[in-house]
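Note sheet for the following structure.
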Amino acid sequence: MKKLFEIKKLNMHYPIVDGLLGNVKGYVYALNNVDLEIFENEILGLVGESGSGKSTLGNCVLKLIEPTSGEVIFNGENILNKKKKDLKEFRKKAQLIFQNPYMSLNPRMKIYDILKEPFIVHKIKDCDDAIKKIIKLIGMDEEVLSRYPHEFSGGQRQRIAIARAIILNPEFIVADEPVSALDVSIQAQIINLLIELKEHLNLTMLFISHDLSIIKYISDRVAVMYLGEIVEIASKDEFFCNHKHPYTEALLNAVPVISEEKTKKIILEGDLPSPSNPPSGCKFHTRCPYVMDKCRIEHPELKELAPNHKVRCFLCDKNLK
């Protein structure tokens with residue numbers, strides 16, 4: 001499979017500023033040496049607790065925020081080296097679907113003008129046919145184009161937000177928890193729409209979510225983030241049937257299951273450590289039920305356990321190739 005994105009040693013450290021003088025007293029380590037590959041025409045699910053760095057990674061990949069260091073290689077070119085004026089072409093090829101459809105649409109603009117705006121930004125004329133085509137593609141009628149966002153439900157607004165994201169035929173989409181603000185009955189409709197659009201438009205997608213049932217339904221591969229690091233990445237089937245990292249196991253154990261069988265589960269104790277003061281050694285060792293002395297001192301690397309399955313855990317060392 002062809003790599004669309006190759007992320008290398010990506011770091012995002014936010015300075016903590018003290019007082020009026022603006023002295024830096026520390027940093028929030030949001031991303032730490034993240035290595036990740038995203039392949040053409042796949043949906044890569046990204047999971048983890050709130051505060052683990054998922055949205056920060058999505059924003060760095062699109063260069064909506066400037067990372068501290070690292071590389072984000074898109075189609076063989078490092079976009080982090082591009083100046084702001086040179087990013088316009090990349091913006092046509094990579095777009096973002098925001099989490100909250102109630103906040104992401106301008107309430108003072110009609111839907112037609114919202115969908116026309118990307119054409120104005122990129123100085124593209126003759127947009128009427130494209131707007132009519134895209135509004136039908138997301139399952140809505142042309143009459144909505146003359147209305148305002150407040151006249152629509154959350155699910156309808158998110159369809160419009162999706163239309164805005166794909167209207168210039170991008171290659172890549174970051175979907176940042178696109179259904180978490182919607183009712184469960186509407187979530188399934190939006191998820192199915194994204195799958196249909198992915199197939200129809202040959203899209204590649206980074207799908208960020210905390211809901212593992214949605215990740216299982218929509219993703220081709222799954223990556224797990226903990227405190228700014230990728231701790232496990234595998235194909236969907238391998239992830240759900242043969243996961244290895246204790247944090248992955250804990251996340252899966254937290255999903256409610258109707259069953260009469262009583263099985264031993266990992267229950268995470270304590271909160272996610274502060275990213276401004278991360279633990280030494282393995283960052284998960286403060287909550288891991290299998291912690292060893294080595295975990296408190298040494299930092300494990302992300303290693304290949306099997307083809308297309310990488311894990312950051314000393315427990316897996318004996319099984320590594």
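Identifiers for the structure tokens are assigned positionally: chains receive A, B, ... in sequence, residues are indexed from 1 per chain, and ligands are indexed from 1 in the order shown.
Residues lying within 8 Å of stretch 237-241 of chain A, counting only C-alpha atoms and ignoring same-chain neighbours fewer than 2 positions away, are Lys216, Arg221, Val222, Ile233, Ala234, Ser235, His243 and His309 of chain A.
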Report the residues of stretch 78-315 of chain A whose backbone DSSP state falls under strand (DSSP E), written as number ranges by chain. A: 78, 94-97, 172-176, 204-208, 221-226, 229-235, 303-306, 309-311
With DSSP run on the backbone, what are the alpha helix (DSSP H) residues within stretch 63-95 of chain A? I'd like them as a ChimeraX atom specification. /A:88-93
Out of A:Ala161, A:Ala130, A:Val184, A:Ile138, which residue has the shortest atom-to-atom distance to A:Leu105 when counting only C-alpha atoms? A:Ala161
May I have the residues within 10 Å of A:His150 as a PyMOL selection string, using only C-alpha atoms and disregarding those fewer than 6 positions away in the same chain? chain A and resi 102+105-108+110+157
Which one is closest to A:Asn59: A:Ala94, A:Leu251, A:Leu36, A:Ile166? Count only C-alpha atoms. A:Ala94
Using only C-alpha atoms, which residues sit within 9 Å of A:Glu40 once same-chain residues fewer than 5 positions away are excluded, as an MDAnalysis selection string? chainID A and resid 1:5 171:172 202:205
Taking N, CA and C atoms for each residue, export the selection above as an mmCIF file, in the first residue's frame.
data_model
loop_
_atom_site.group_PDB
_atom_site.id
_atom_site.type_symbol
_atom_site.label_atom_id
_atom_site.label_comp_id
_atom_site.auth_asym_id
_atom_site.auth_seq_id
_atom_site.Cartn_x
_atom_site.Cartn_y
_atom_site.Cartn_z
ATOM 1 N N MET A 1 0.835 -1.197 0.000
ATOM 2 C CA MET A 1 0.000 0.000 0.000
ATOM 3 C C MET A 1 0.873 1.252 0.000
ATOM 4 N N LYS A 2 0.433 2.266 -0.719
ATOM 5 C CA LYS A 2 1.188 3.514 -0.803
ATOM 6 C C LYS A 2 0.947 4.371 0.434
ATOM 7 N N LYS A 3 2.036 4.938 0.963
ATOM 8 C CA LYS A 3 1.926 5.835 2.107
ATOM 9 C C LYS A 3 1.465 7.206 1.632
ATOM 10 N N LEU A 4 0.386 7.703 2.228
ATOM 11 C CA LEU A 4 -0.037 9.069 1.943
ATOM 12 C C LEU A 4 0.645 10.041 2.903
ATOM 13 N N PHE A 5 0.668 9.657 4.192
ATOM 14 C CA PHE A 5 1.347 10.443 5.219
ATOM 15 C C PHE A 5 2.398 9.586 5.911
ATOM 16 N N GLU A 171 -7.892 14.686 -0.761
ATOM 17 C CA GLU A 171 -7.409 13.310 -0.666
ATOM 18 C C GLU A 171 -7.503 12.784 0.756
ATOM 19 N N PHE A 172 -7.471 13.696 1.735
ATOM 20 C CA PHE A 172 -7.317 13.298 3.136
ATOM 21 C C PHE A 172 -8.242 14.119 4.026
ATOM 22 N N ASN A 202 -12.671 7.997 -2.858
ATOM 23 C CA ASN A 202 -11.321 7.458 -2.604
ATOM 24 C C ASN A 202 -10.581 8.262 -1.535
ATOM 25 N N LEU A 203 -11.277 8.538 -0.460
ATOM 26 C CA LEU A 203 -10.702 9.335 0.625
ATOM 27 C C LEU A 203 -9.820 8.489 1.537
ATOM 28 N N THR A 204 -8.837 9.147 2.124
ATOM 29 C CA THR A 204 -8.071 8.599 3.245
ATOM 30 C C THR A 204 -8.477 9.393 4.476
ATOM 31 N N MET A 205 -8.616 8.707 5.627
ATOM 32 C CA MET A 205 -9.181 9.392 6.786
ATOM 33 C C MET A 205 -8.458 9.024 8.073
#
With distances taken over only C-alpha atoms, which of A:Asp211, A:Glu66, A:Glu249, A:Asp113 is nearest to A:Met12? A:Glu66
Contacts of A:Leu46 at 6 Å or less, counting only C-alpha atoms, minus same-chain residues fewer than 6 places along, as a CSV table (one decimal) with N, CA and C atoms, in the first residue's frame?
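Okay, this is what ended up in result-v2.csv:
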chain,number,residue,atom,x,y,z
A,208,ILE,N,-10.7,10.2,14.6
A,208,ILE,CA,-10.4,10.3,16.0
A,208,ILE,C,-11.7,10.1,16.8
A,222,VAL,N,-6.1,0.6,13.7
A,222,VAL,CA,-6.3,1.3,14.9
A,222,VAL,C,-5.0,1.6,15.6
A,223,ALA,N,-4.9,2.9,16.0
A,223,ALA,CA,-3.7,3.3,16.8
A,223,ALA,C,-4.2,3.9,18.1
A,224,VAL,N,-3.4,3.5,19.2
A,224,VAL,CA,-3.8,3.9,20.6
A,224,VAL,C,-2.8,4.9,21.1
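Closest approach to A:Ile214 among A:Leu193, A:Ala188, A:Cys295, A:Leu201: A:Ala188, based on only C-alpha atoms.
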